[in-house]
>>> print(open('final-v6.cif').read())   # mmCIF, C-alpha atoms
data_target
#
loop_
_atom_site.label_atom_id
_atom_site.label_comp_id
_atom_site.auth_asym_id
_atom_site.auth_seq_id
_atom_site.Cartn_x
_atom_site.Cartn_y
_atom_site.Cartn_z
CA MET Y 1 6.42 -30.19 -4.59
CA ASN Y 2 7.12 -29.74 -8.26
CA LYS Y 3 4.06 -27.94 -9.64
CA VAL Y 4 5.40 -27.18 -13.08
CA VAL Y 5 3.21 -27.92 -16.08
CA LYS Y 6 4.40 -27.72 -19.64
CA ASN Y 7 2.33 -24.87 -21.02
CA ALA Y 8 -0.96 -22.97 -20.86
CA ARG Y 9 -2.89 -25.76 -22.57
CA GLU Y 10 -1.83 -28.28 -19.92
CA ALA Y 11 -2.39 -25.74 -17.14
CA ILE Y 12 -6.05 -25.18 -18.02
CA THR Y 13 -6.87 -28.90 -18.05
CA GLY Y 14 -10.09 -29.43 -16.13
CA ILE Y 15 -11.59 -26.00 -16.78
CA SER Y 16 -15.00 -26.96 -18.09
CA ASP Y 17 -18.31 -25.42 -19.15
CA GLY Y 18 -20.17 -23.48 -16.47
CA MET Y 19 -17.25 -23.09 -14.08
CA THR Y 20 -16.41 -20.01 -12.04
CA LEU Y 21 -12.97 -18.51 -12.64
CA MET Y 22 -10.99 -15.74 -11.01
CA VAL Y 23 -8.74 -13.95 -13.47
CA GLY Y 24 -6.06 -11.58 -12.15
CA GLY Y 25 -5.06 -8.23 -13.60
CA PHE Y 26 -6.09 -4.57 -13.55
CA GLY Y 27 -6.93 -3.17 -16.95
CA LEU Y 28 -4.43 -4.95 -19.17
CA SER Y 29 -1.70 -4.97 -16.51
CA GLY Y 30 -0.78 -8.27 -14.90
CA LEU Y 31 -3.09 -10.34 -17.13
CA PRO Y 32 -2.58 -14.09 -17.51
CA GLU Y 33 -2.27 -13.70 -21.28
CA ASN Y 34 -1.20 -17.24 -22.07
CA SER Y 35 -3.99 -18.89 -20.10
CA ILE Y 36 -6.65 -16.62 -21.59
CA ALA Y 37 -5.41 -17.44 -25.11
CA ALA Y 38 -5.51 -21.15 -24.30
CA MET Y 39 -9.08 -20.86 -23.00
CA ALA Y 40 -10.12 -18.96 -26.12
CA GLU Y 41 -8.73 -21.86 -28.15
CA SER Y 42 -10.30 -24.55 -25.95
CA GLY Y 43 -13.82 -23.29 -26.58
CA VAL Y 44 -14.90 -23.78 -22.95
CA LYS Y 45 -18.13 -21.83 -22.40
CA GLY Y 46 -20.76 -20.66 -19.92
CA LEU Y 47 -18.04 -19.26 -17.70
CA THR Y 48 -18.52 -16.95 -14.76
CA CYS Y 49 -15.45 -14.72 -14.60
CA ILE Y 50 -14.49 -12.78 -11.50
CA SER Y 51 -12.10 -10.13 -12.72
CA ASN Y 52 -11.75 -6.42 -11.95
CA ASN Y 53 -12.17 -5.54 -15.63
CA ALA Y 54 -13.25 -7.23 -18.83
CA GLY Y 55 -10.25 -6.47 -21.03
CA VAL Y 56 -10.60 -4.62 -24.32
CA ASP Y 57 -12.28 -5.90 -27.48
CA ASP Y 58 -9.33 -7.93 -28.76
CA PHE Y 59 -7.23 -8.53 -25.64
CA GLY Y 60 -7.63 -9.99 -22.17
CA LEU Y 61 -11.06 -11.34 -21.31
CA GLY Y 62 -12.36 -9.45 -24.35
CA LEU Y 63 -11.14 -12.46 -26.35
CA LEU Y 64 -13.46 -14.79 -24.44
CA LEU Y 65 -16.32 -12.30 -24.70
CA GLN Y 66 -15.91 -12.16 -28.47
CA ASN Y 67 -16.24 -15.95 -28.57
CA ARG Y 68 -19.32 -15.82 -26.29
CA GLN Y 69 -17.57 -18.04 -23.75
CA ILE Y 70 -18.55 -15.90 -20.77
CA LYS Y 71 -22.02 -16.09 -19.24
CA LYS Y 72 -21.44 -13.73 -16.35
CA MET Y 73 -18.86 -11.14 -15.30
CA ILE Y 74 -18.24 -10.13 -11.68
CA SER Y 75 -16.22 -6.91 -11.90
CA SER Y 76 -15.83 -3.37 -10.60
CA TYR Y 77 -15.28 -1.54 -13.89
CA VAL Y 78 -16.06 -2.75 -17.37
CA GLY Y 79 -15.65 0.28 -19.65
CA GLU Y 80 -13.34 0.24 -22.67
CA ASN Y 81 -15.03 -2.74 -24.27
CA ALA Y 82 -17.63 -2.23 -27.03
CA GLU Y 83 -18.46 -5.93 -27.43
CA PHE Y 84 -19.04 -6.17 -23.69
CA GLU Y 85 -21.46 -3.26 -23.81
CA ARG Y 86 -23.28 -4.74 -26.78
CA GLN Y 87 -23.77 -8.13 -25.08
CA LEU Y 88 -24.86 -6.44 -21.87
CA LEU Y 89 -27.47 -4.24 -23.56
CA ALA Y 90 -28.69 -7.22 -25.64
CA GLY Y 91 -29.20 -9.23 -22.45
CA GLU Y 92 -26.69 -11.88 -23.57
CA LEU Y 93 -24.39 -11.31 -20.62
CA GLU Y 94 -24.99 -11.07 -16.88
CA VAL Y 95 -22.96 -8.55 -14.94
CA ASP Y 96 -22.50 -8.10 -11.24
CA LEU Y 97 -20.76 -4.80 -10.47
CA ILE Y 98 -19.00 -4.65 -7.12
CA PRO Y 99 -17.00 -1.82 -5.48
CA GLN Y 100 -13.34 -2.48 -6.19
CA GLY Y 101 -12.12 -2.73 -2.61
CA THR Y 102 -15.02 -4.99 -1.69
CA LEU Y 103 -14.22 -7.21 -4.68
CA ALA Y 104 -10.56 -7.52 -3.66
CA GLU Y 105 -11.49 -8.27 -0.06
CA ARG Y 106 -14.14 -10.81 -1.05
CA CYS Y 107 -11.43 -12.70 -2.97
CA ARG Y 108 -8.94 -12.42 -0.12
CA ALA Y 109 -11.57 -13.53 2.40
CA GLY Y 110 -12.45 -16.51 0.21
CA GLY Y 111 -8.85 -17.65 0.33
CA ALA Y 112 -8.46 -16.82 4.01
CA GLY Y 113 -11.47 -18.83 5.21
CA ILE Y 114 -13.54 -15.81 6.23
CA PRO Y 115 -17.06 -16.45 4.89
CA ALA Y 116 -18.35 -12.88 5.28
CA PHE Y 117 -17.43 -9.44 6.59
CA PHE Y 118 -18.83 -5.92 6.96
CA VAL Y 119 -17.71 -2.88 4.94
CA PRO Y 120 -19.12 0.64 4.58
CA ALA Y 121 -18.72 0.83 0.77
CA GLY Y 122 -22.00 0.94 -1.09
CA TYR Y 123 -24.27 1.73 1.86
CA GLY Y 124 -27.26 3.78 0.66
CA THR Y 125 -26.63 2.82 -2.99
CA GLU Y 126 -28.01 0.10 -5.25
CA VAL Y 127 -25.10 -2.10 -4.17
CA ALA Y 128 -26.79 -2.35 -0.76
CA GLU Y 129 -29.98 -3.91 -2.10
CA GLY Y 130 -30.81 -7.12 -0.24
CA LYS Y 131 -27.78 -6.93 2.04
CA GLU Y 132 -27.78 -6.98 5.83
CA VAL Y 133 -26.83 -3.61 7.37
CA ARG Y 134 -25.16 -3.26 10.75
CA GLU Y 135 -23.86 -0.22 12.50
CA TYR Y 136 -20.29 -0.24 13.81
CA ASN Y 137 -18.58 2.82 15.31
CA GLY Y 138 -21.69 4.85 14.48
CA LYS Y 139 -21.50 4.04 10.79
CA PRO Y 140 -23.66 1.67 8.69
CA HIS Y 141 -21.89 -1.29 7.09
CA LEU Y 142 -22.98 -3.92 4.56
CA LEU Y 143 -22.53 -7.66 4.95
CA GLU Y 144 -20.44 -8.94 2.05
CA LEU Y 145 -19.78 -12.61 1.27
CA ALA Y 146 -16.45 -14.19 0.38
CA LEU Y 147 -15.78 -15.33 -3.19
CA THR Y 148 -14.04 -18.51 -4.25
CA ALA Y 149 -13.53 -20.04 -7.69
CA ASP Y 150 -13.12 -23.43 -9.32
CA PHE Y 151 -9.92 -22.06 -10.83
CA ALA Y 152 -7.97 -18.89 -10.08
CA ILE Y 153 -5.68 -17.85 -12.90
CA VAL Y 154 -2.92 -15.39 -12.07
CA LYS Y 155 0.12 -13.85 -13.68
CA ALA Y 156 3.39 -13.16 -11.87
CA TRP Y 157 6.78 -11.80 -12.85
CA LYS Y 158 8.84 -14.59 -11.36
CA GLY Y 159 7.94 -17.93 -9.92
CA ASP Y 160 9.65 -21.11 -8.83
CA THR Y 161 8.91 -24.81 -9.12
CA HIS Y 162 7.19 -24.78 -5.69
CA GLY Y 163 4.75 -22.14 -6.91
CA ASN Y 164 6.21 -19.20 -4.98
CA LEU Y 165 5.41 -15.97 -6.81
CA ILE Y 166 6.80 -12.45 -7.08
CA TYR Y 167 4.82 -9.74 -8.87
CA ARG Y 168 6.29 -6.67 -10.54
CA HIS Y 169 5.25 -3.05 -9.89
CA THR Y 170 1.48 -2.50 -10.22
CA ALA Y 171 1.03 -5.81 -12.06
CA ASN Y 172 0.35 -7.40 -8.66
CA ASN Y 173 -3.14 -5.85 -8.27
CA PHE Y 174 -5.82 -8.60 -7.94
CA ASN Y 175 -3.42 -11.47 -8.61
CA GLN Y 176 -2.26 -11.84 -5.01
CA ALA Y 177 -5.74 -12.03 -3.46
CA MET Y 178 -7.12 -14.25 -6.24
CA ALA Y 179 -4.19 -16.68 -6.01
CA MET Y 180 -5.46 -17.55 -2.52
CA ALA Y 181 -9.07 -18.16 -3.51
CA GLY Y 182 -8.97 -20.80 -6.25
CA LYS Y 183 -9.76 -24.46 -5.55
CA ILE Y 184 -7.03 -24.86 -8.13
CA THR Y 185 -4.74 -21.89 -8.74
CA ILE Y 186 -2.83 -21.64 -12.00
CA ALA Y 187 0.11 -19.25 -12.12
CA GLU Y 188 1.81 -18.19 -15.32
CA VAL Y 189 5.11 -16.38 -14.97
CA GLU Y 190 7.53 -14.48 -17.15
CA GLU Y 191 10.46 -16.28 -15.57
CA LEU Y 192 10.29 -19.73 -13.98
CA VAL Y 193 13.26 -20.73 -11.80
CA PRO Y 194 14.20 -23.76 -9.65
CA ALA Y 195 13.07 -23.70 -6.00
CA GLY Y 196 15.76 -21.92 -4.02
CA ASP Y 197 16.57 -19.30 -6.64
CA LEU Y 198 14.04 -16.74 -5.37
CA ASP Y 199 14.79 -14.84 -2.16
CA PRO Y 200 12.21 -16.12 0.40
CA ASN Y 201 12.07 -12.58 1.83
CA GLN Y 202 10.65 -11.25 -1.42
CA ILE Y 203 7.85 -13.76 -2.07
CA HIS Y 204 4.38 -12.19 -2.43
CA THR Y 205 2.37 -15.39 -2.89
CA PRO Y 206 3.71 -18.40 -0.98
CA GLY Y 207 3.63 -21.60 -3.02
CA ILE Y 208 1.01 -23.26 -0.80
CA PHE Y 209 -1.67 -21.30 -2.69
CA VAL Y 210 -0.53 -22.44 -6.14
CA GLN Y 211 -1.25 -25.86 -7.69
CA ARG Y 212 0.07 -25.38 -11.24
CA ILE Y 213 2.77 -23.11 -12.60
CA PHE Y 214 4.23 -22.61 -16.04
CA GLN Y 215 6.59 -20.36 -17.92
CA GLY Y 216 4.54 -18.15 -20.24
CA VAL Y 217 5.67 -17.32 -23.76
CA ASP Y 218 5.44 -14.35 -26.13
CA TYR Y 219 4.12 -11.83 -23.61
CA GLU Y 220 2.61 -8.89 -25.42
CA LYS Y 221 2.03 -6.87 -22.21
CA ARG Y 222 -0.14 -4.44 -24.08
CA ILE Y 223 -0.49 -0.88 -22.77
CA GLU Y 224 -4.06 0.38 -22.61
CA ARG Y 225 -3.31 4.11 -22.32
CA LEU Y 226 0.17 5.09 -23.29
CA THR Y 227 0.88 8.43 -21.63
CA GLU Y 228 4.27 10.10 -21.80
CA LYS Y 229 5.66 13.49 -20.81
CA MET X 1 -15.40 34.15 -15.11
CA ALA X 2 -15.99 30.48 -14.46
CA LEU X 3 -12.80 28.54 -13.69
CA THR X 4 -11.11 26.31 -16.23
CA LYS X 5 -10.47 22.69 -15.31
CA GLU X 6 -6.85 23.59 -14.58
CA GLN X 7 -7.95 26.38 -12.24
CA ILE X 8 -10.30 24.03 -10.38
CA ALA X 9 -7.34 21.68 -9.89
CA GLN X 10 -5.14 24.59 -8.82
CA ARG X 11 -7.68 25.69 -6.18
CA ILE X 12 -8.04 22.12 -4.86
CA ALA X 13 -4.25 21.90 -4.54
CA GLN X 14 -4.53 24.59 -1.85
CA GLU X 15 -6.29 21.98 0.31
CA LEU X 16 -3.14 19.85 0.41
CA LYS X 17 -1.12 19.82 3.60
CA ASP X 18 2.44 18.70 4.19
CA GLY X 19 2.61 14.96 4.89
CA TYR X 20 -0.76 14.11 3.34
CA TYR X 21 -1.41 10.80 1.61
CA VAL X 22 -3.79 11.66 -1.24
CA ASN X 23 -5.91 9.67 -3.68
CA LEU X 24 -6.74 11.56 -6.87
CA GLY X 25 -9.58 10.34 -9.08
CA ILE X 26 -9.70 10.32 -12.86
CA GLY X 27 -10.21 13.60 -14.80
CA ILE X 28 -9.82 17.02 -13.14
CA PRO X 29 -8.57 15.44 -9.86
CA THR X 30 -5.54 13.99 -11.69
CA LEU X 31 -4.51 17.56 -12.63
CA VAL X 32 -4.19 18.49 -8.92
CA ALA X 33 -0.79 16.75 -8.94
CA ASN X 34 0.51 19.52 -11.22
CA TYR X 35 -0.18 22.25 -8.63
CA VAL X 36 1.22 20.91 -5.35
CA PRO X 37 2.34 24.08 -3.52
CA ASP X 38 6.06 24.67 -2.99
CA GLY X 39 7.45 23.39 0.30
CA ILE X 40 4.70 20.79 0.71
CA GLU X 41 5.31 17.08 0.35
CA VAL X 42 2.37 14.82 -0.42
CA VAL X 43 2.36 11.15 -1.40
CA LEU X 44 -0.10 10.07 -4.08
CA GLN X 45 -1.90 6.76 -3.69
CA SER X 46 -3.19 4.95 -6.76
CA GLU X 47 -5.77 2.33 -5.79
CA ASN X 48 -4.50 -0.28 -8.24
CA GLY X 49 -1.50 -0.64 -5.93
CA MET X 50 1.01 2.18 -5.66
CA LEU X 51 2.14 4.82 -3.18
CA GLY X 52 4.46 7.54 -4.39
CA MET X 53 3.00 7.86 -7.86
CA GLY X 54 5.14 10.11 -10.05
CA PRO X 55 4.64 11.90 -13.37
CA PHE X 56 4.12 10.27 -16.77
CA PRO X 57 7.26 8.54 -18.08
CA GLU X 58 9.73 10.04 -20.53
CA LYS X 59 9.14 9.14 -24.16
CA GLY X 60 10.01 5.51 -24.79
CA GLU X 61 10.16 4.60 -21.10
CA ALA X 62 6.56 3.54 -20.48
CA ASP X 63 6.19 0.20 -18.67
CA ALA X 64 3.07 -1.96 -19.02
CA ASP X 65 3.58 -3.05 -15.40
CA MET X 66 3.40 0.51 -14.07
CA ILE X 67 0.01 2.12 -14.50
CA ASN X 68 -2.36 4.27 -12.47
CA ALA X 69 -6.02 3.61 -11.71
CA GLY X 70 -6.96 5.30 -14.99
CA LYS X 71 -4.73 2.74 -16.79
CA GLN X 72 -2.27 5.45 -17.86
CA THR X 73 1.44 4.67 -17.75
CA VAL X 74 3.14 6.44 -14.83
CA THR X 75 6.38 6.39 -12.83
CA VAL X 76 7.16 5.82 -9.15
CA LEU X 77 9.00 8.37 -6.98
CA PRO X 78 11.77 7.61 -4.47
CA GLY X 79 10.15 6.25 -1.29
CA GLY X 80 7.28 4.72 -3.25
CA SER X 81 5.90 1.21 -2.83
CA PHE X 82 3.76 -1.36 -4.63
CA PHE X 83 1.13 -3.64 -3.10
CA ASP X 84 -1.88 -5.74 -3.99
CA SER X 85 -5.47 -4.47 -4.37
CA SER X 86 -6.62 -5.84 -1.03
CA THR X 87 -3.83 -3.97 0.82
CA SER X 88 -4.56 -0.87 -1.24
CA PHE X 89 -8.16 -0.78 -0.09
CA ALA X 90 -7.08 -1.54 3.48
CA MET X 91 -5.32 1.84 3.26
CA ILE X 92 -8.50 3.45 1.95
CA ARG X 93 -11.06 1.64 4.10
CA GLY X 94 -8.84 1.84 7.17
CA GLY X 95 -8.79 5.64 7.02
CA HIS X 96 -5.07 5.91 6.29
CA VAL X 97 -5.56 8.15 3.26
CA ASP X 98 -5.82 11.82 4.33
CA LEU X 99 -7.59 13.29 1.33
CA THR X 100 -9.62 11.94 -1.57
CA VAL X 101 -10.36 14.11 -4.60
CA LEU X 102 -12.88 12.86 -7.11
CA GLY X 103 -15.26 14.03 -9.80
CA ALA X 104 -19.07 13.85 -9.69
CA PHE X 105 -22.14 14.12 -11.89
CA GLU X 106 -24.24 15.42 -8.97
CA VAL X 107 -23.89 16.20 -5.27
CA THR X 108 -26.50 17.12 -2.68
CA ASP X 109 -26.55 19.65 0.15
CA GLN X 110 -26.31 16.69 2.55
CA GLY X 111 -23.12 15.39 1.01
CA ASP X 112 -24.56 12.60 -1.15
CA ILE X 113 -22.74 11.98 -4.42
CA ALA X 114 -23.64 10.39 -7.78
CA SER X 115 -20.68 9.71 -10.02
CA TRP X 116 -20.75 6.29 -11.61
CA LYS X 117 -23.80 5.49 -13.64
CA ILE X 118 -26.19 7.16 -16.07
CA PRO X 119 -29.02 4.66 -16.59
CA GLY X 120 -29.58 3.87 -20.25
CA LYS X 121 -26.44 5.72 -21.29
CA MET X 122 -23.38 4.68 -19.34
CA VAL X 123 -22.89 1.66 -17.11
CA LYS X 124 -19.20 1.09 -16.74
CA GLY X 125 -19.02 0.34 -13.06
CA MET X 126 -18.06 2.14 -9.88
CA GLY X 127 -14.43 1.03 -9.78
CA GLY X 128 -13.03 2.16 -6.42
CA ALA X 129 -15.29 5.21 -6.04
CA MET X 130 -17.76 3.66 -3.60
CA ASP X 131 -14.96 2.36 -1.36
CA LEU X 132 -13.25 5.76 -1.45
CA VAL X 133 -16.30 7.87 -0.61
CA ALA X 134 -17.51 5.53 2.12
CA SER X 135 -14.23 5.59 4.04
CA ALA X 136 -12.25 8.74 3.30
CA LYS X 137 -11.90 11.17 6.19
CA ASN X 138 -11.87 14.11 3.84
CA ILE X 139 -13.48 14.19 0.40
CA VAL X 140 -13.22 17.11 -2.01
CA VAL X 141 -15.31 16.95 -5.16
CA ALA X 142 -14.10 18.62 -8.35
CA MET X 143 -16.99 19.34 -10.72
CA GLN X 144 -18.83 21.70 -13.00
CA HIS X 145 -21.53 23.63 -11.14
CA CYS X 146 -24.09 23.15 -13.94
CA SER X 147 -24.64 20.76 -16.83
CA LYS X 148 -24.03 21.92 -20.39
CA ASP X 149 -27.70 22.90 -20.71
CA GLY X 150 -27.53 24.99 -17.54
CA GLN X 151 -29.11 22.58 -15.03
CA SER X 152 -27.67 22.75 -11.51
CA LYS X 153 -25.62 19.74 -10.39
CA LEU X 154 -25.61 20.89 -6.76
CA LEU X 155 -28.99 19.53 -5.75
CA LYS X 156 -31.38 18.75 -2.91
CA GLU X 157 -31.58 15.11 -4.08
CA CYS X 158 -29.52 13.27 -6.66
CA THR X 159 -31.40 12.18 -9.78
CA LEU X 160 -28.74 9.60 -10.74
CA PRO X 161 -27.77 6.39 -8.89
CA LEU X 162 -25.73 7.19 -5.78
CA THR X 163 -22.07 6.44 -5.18
CA GLY X 164 -22.30 7.25 -1.47
CA VAL X 165 -24.40 9.10 1.08
CA LYS X 166 -23.49 11.96 3.46
CA CYS X 167 -19.81 11.80 2.60
CA VAL X 168 -18.77 14.87 0.58
CA LYS X 169 -17.11 17.53 2.73
CA LYS X 170 -16.12 20.16 0.22
CA ILE X 171 -16.83 21.06 -3.40
CA VAL X 172 -14.68 23.07 -5.76
CA SER X 173 -16.73 23.89 -8.85
CA ASP X 174 -16.02 26.22 -11.74
CA LEU X 175 -18.04 28.88 -9.87
CA ALA X 176 -17.39 28.42 -6.16
CA VAL X 177 -15.85 26.67 -3.18
CA LEU X 178 -18.52 25.26 -0.89
CA GLU X 179 -18.55 23.29 2.32
CA VAL X 180 -21.27 20.73 3.12
CA THR X 181 -22.86 21.49 6.50
CA ASP X 182 -25.94 20.23 8.39
CA LYS X 183 -27.86 23.15 6.92
CA GLY X 184 -26.74 22.83 3.32
CA PHE X 185 -23.95 24.14 1.08
CA ARG X 186 -22.06 26.94 2.81
CA LEU X 187 -20.50 29.28 0.28
CA LEU X 188 -16.83 29.86 1.13
CA GLU X 189 -15.33 31.47 -1.97
CA ARG X 190 -16.41 32.77 -5.37
CA ALA X 191 -14.57 32.29 -8.67
CA PRO X 192 -13.02 35.62 -9.70
CA GLY X 193 -15.70 37.86 -11.20
CA VAL X 194 -18.60 35.53 -10.33
CA SER X 195 -21.30 37.08 -8.12
CA VAL X 196 -23.10 35.49 -5.17
CA ASP X 197 -26.33 35.88 -7.15
CA GLU X 198 -24.94 33.89 -10.06
CA ILE X 199 -23.90 31.13 -7.67
CA ARG X 200 -27.31 31.20 -5.99
CA LYS X 201 -29.04 30.81 -9.38
CA ALA X 202 -26.76 27.91 -10.29
CA THR X 203 -27.35 26.06 -7.00
CA GLU X 204 -30.58 24.08 -6.56
CA GLY X 205 -29.69 22.76 -3.10
CA ARG X 206 -29.87 24.88 0.06
CA LEU X 207 -27.18 27.58 -0.04
CA ILE X 208 -25.92 29.41 3.03
CA VAL X 209 -24.30 32.78 2.43
CA ASP X 210 -22.80 34.35 5.55
CA GLY X 211 -21.48 37.88 5.16
CA GLU X 212 -18.96 38.90 2.51
CA ILE X 213 -17.79 36.02 0.31
CA PRO X 214 -14.19 36.44 -0.84
CA GLU X 215 -12.92 35.64 -4.32
CA MET X 216 -10.62 32.64 -4.72
CA GLN X 217 -6.95 33.52 -4.64
CA PHE X 218 -4.45 31.83 -6.94
#
>>> encode(input="final-v6.cif", output="structure tokens")
Amino acid sequence: MNKVVKNAREAITGISDGMTLMVGGFGLSGLPENSIAAMAESGVKGLTCISNNAGVDDFGLGLLLQNRQIKKMISSYVGENAEFERQLLAGELEVDLIPQGTLAERCRAGGAGIPAFFVPAGYGTEVAEGKEVREYNGKPHLLELALTADFAIVKAWKGDTHGNLIYRHTANNFNQAMAMAGKITIAEVEELVPAGDLDPNQIHTPGIFVQRIFQGVDYEKRIERLTEK
Amino acid sequence: MALTKEQIAQRIAQELKDGYYVNLGIGIPTLVANYVPDGIEVVLQSENGMLGMGPFPEKGEADADMINAGKQTVTVLPGGSFFDSSTSFAMIRGGHVDLTVLGAFEVTDQGDIASWKIPGKMVKGMGGAMDLVASAKNIVVAMQHCSKDGQSKLLKECTLPLTGVKCVKKIVSDLAVLEVTDKGFRLLERAPGVSVDEIRKATEGRLIVDGEIPEMQF
């Protein structure tokens, strides 16, 4: 059950042109920094990235956007990124915008073996275009399909050699749902420990969902909007 | 006198009830947290995965792992909890959040709301707004009554892409407090010194004025 790989470069082995990836994080919080840097270096391209946001110009998925490695983004909110906006307006990038809760649930459903489900979000808006509508409890709902990915790439606070993961504060966000939905799930952690060192009561993502895990290095953990009293 | 943003937030805070779980959107709604009335306990939900959201951190104590939905660094209060995005929206979609406060570009007299996209100008995404408006039991919109060039934003039909339909319950603008009813906007309160006529002129949608309309109290 030892799932440990040496580093980010080894972890991303097999990620190739045209693949679909899930990338955890909300804004710049809980981002798999090491894996993104390794992908930027690898030059893999034509990627479809499912991620709540698109990073900022020089951090997070913004790094892959700068290198033109991303063909399509599936996100809920993509502000804060000038290069993103430029590529979008120039028609160089496809974007599928999805309500945030629907996006999270589509990832969770993908991992949980639920191919589709109904939600009220987006009814009567452009999000509803082409989707089946059914009424439940007197309210219209849209049929939404599960999402899966060739690779899901997540970041956790602590992890063990079996791939069990614990997230910290609000850095959990999309990581937990996405960890379930990758054909191969890569977890990078701030602290990697031997199996048995983490309290089984505290595990957020059980190791069964994780295929590769490594100890990340040099975490910048950049803050997007520093606000203090 | 039209209300300031702070006064809009202060008036919305009067809608809070003891024991409420509340989601506050970005902008004016965030300011509501500064005016929670004495003796009332509310718990703030942040849709990126936190209950019990507290104030901004002290200088030097910001933590990259502790942010709100607007990506600002925040703190957590005693009794708070963290969870993943899917659980967070289970709270929202499942109707467990008592009150949602959010901003809007436009609303209609049927409760439709447009708040996420200005074609050709701004396409950043809806974030959690569509999930919130589709499922919240109680939605209060904080907004300016008119655009900068004097056009009403309380309309018969939205001109911008919709965030949700027939969902807004109450509006607190810089001019008035209004309730959305089957017959249109019902005027509940006026901003201090603002006349019913001024509100009527600033409202394109159907406006119902029943009897004397009191001024807002602060």
>>> residues_around(input="final-v6.cif", residues="range 216-229 of chain Y", least_positions_apart="5", cutoff="7 Å", atoms="all atoms listed in the file", output="VMD selection string")
(chain Y and resid 28 34 188 to 190) or (chain X and resid 56 to 59 64 71 to 73)
>>> write_last_selection(input="final-v6.cif", atoms="C-alpha atoms", output="PDB file, in the frame of the given file")
ATOM      1  CA  LEU Y  28      -4.430  -4.950 -19.170  1.00  0.00           C
ATOM      2  CA  ASN Y  34      -1.200 -17.240 -22.070  1.00  0.00           C
ATOM      3  CA  GLU Y 188       1.810 -18.190 -15.320  1.00  0.00           C
ATOM      4  CA  VAL Y 189       5.110 -16.380 -14.970  1.00  0.00           C
ATOM      5  CA  GLU Y 190       7.530 -14.480 -17.150  1.00  0.00           C
TER       6      GLU Y 190
ATOM      7  CA  PHE X  56       4.120  10.270 -16.770  1.00  0.00           C
ATOM      8  CA  PRO X  57       7.260   8.540 -18.080  1.00  0.00           C
ATOM      9  CA  GLU X  58       9.730  10.040 -20.530  1.00  0.00           C
ATOM     10  CA  LYS X  59       9.140   9.140 -24.160  1.00  0.00           C
ATOM     11  CA  ALA X  64       3.070  -1.960 -19.020  1.00  0.00           C
ATOM     12  CA  LYS X  71      -4.730   2.740 -16.790  1.00  0.00           C
ATOM     13  CA  GLN X  72      -2.270   5.450 -17.860  1.00  0.00           C
ATOM     14  CA  THR X  73       1.440   4.670 -17.750  1.00  0.00           C
TER      15      THR X  73
END
>>> closest_atom_pairs(input="final-v6.cif", of="range 82-196 of chain X", to="range 10-14 of chain X", cutoff="8 Å", atoms="all atoms listed in the file", output="JSON lines")
{"residue": "X:Val140", "atom": "CA", "partner": "X:Ile12", "partner_atom": "CA", "distance": 7.7}
{"residue": "X:Ala142", "atom": "CA", "partner": "X:Ile12", "partner_atom": "CA", "distance": 7.8}
{"residue": "X:Val172", "atom": "CA", "partner": "X:Ile12", "partner_atom": "CA", "distance": 6.8}
>>> closest_atom_pairs(input="final-v6.cif", of="chain Y", to="chain X", cutoff="8 Å", atoms="only C-alpha atoms", output="CSV")
residue,atom,partner,partner_atom,distance
Y:Phe26,CA,X:Asn48,CA,7.0
Y:Gly27,CA,X:Lys71,CA,6.3
Y:Ser29,CA,X:Asp65,CA,5.7
Y:Gly30,CA,X:Asp65,CA,6.8
Y:Ser75,CA,X:Gly125,CA,7.9
Y:Ser76,CA,X:Gly127,CA,4.7
Y:Tyr77,CA,X:Gly125,CA,4.3
Y:Val78,CA,X:Lys124,CA,5.0
Y:Gly79,CA,X:Lys124,CA,4.7
Y:Leu97,CA,X:Gly125,CA,6.0
Y:Ile98,CA,X:Met126,CA,7.4
Y:Pro99,CA,X:Gly128,CA,5.7
Y:Gln100,CA,X:Gly128,CA,4.7
Y:Gly101,CA,X:Phe89,CA,5.1
Y:Thr102,CA,X:Asp131,CA,7.4
Y:Ala104,CA,X:Ser86,CA,5.0
Y:Glu105,CA,X:Ser86,CA,5.5
Y:Arg108,CA,X:Ser86,CA,7.0
Y:Pro120,CA,X:Ala134,CA,5.7
Y:Ala121,CA,X:Asp131,CA,4.6
Y:Gly122,CA,X:Met130,CA,5.6
Y:Tyr123,CA,X:Gly164,CA,6.7
Y:Gly124,CA,X:Val165,CA,6.1
Y:Thr125,CA,X:Leu162,CA,5.3
Y:Glu126,CA,X:Pro161,CA,7.3
Y:Arg168,CA,X:Asp65,CA,6.6
Y:His169,CA,X:Phe82,CA,5.7
Y:Thr170,CA,X:Met66,CA,5.3
Y:Ala171,CA,X:Asp65,CA,5.0
Y:Asn172,CA,X:Asp84,CA,5.4
Y:Asn173,CA,X:Asp84,CA,4.5
Y:Phe174,CA,X:Ser85,CA,5.5
Y:Asn175,CA,X:Asp84,CA,7.5
Y:Gln176,CA,X:Asp84,CA,6.2
Y:Ala177,CA,X:Ser86,CA,6.7
Y:Lys221,CA,X:Ala64,CA,5.9
Y:Arg222,CA,X:Ala64,CA,6.5
Y:Ile223,CA,X:Ala64,CA,5.3
Y:Glu224,CA,X:Lys71,CA,6.3
Y:Arg225,CA,X:Gln72,CA,4.8
Y:Leu226,CA,X:Thr73,CA,5.7
Y:Thr227,CA,X:Thr73,CA,5.4
Y:Glu228,CA,X:Pro57,CA,5.0
Y:Lys229,CA,X:Glu58,CA,5.3
>>> residues_around(input="final-v6.cif", residues="Asp160 in chain Y", least_positions_apart="4", cutoff="8 Å", atoms="only C-alpha atoms", output="VMD selection string")
chain Y and resid 164 to 165 192 to 198
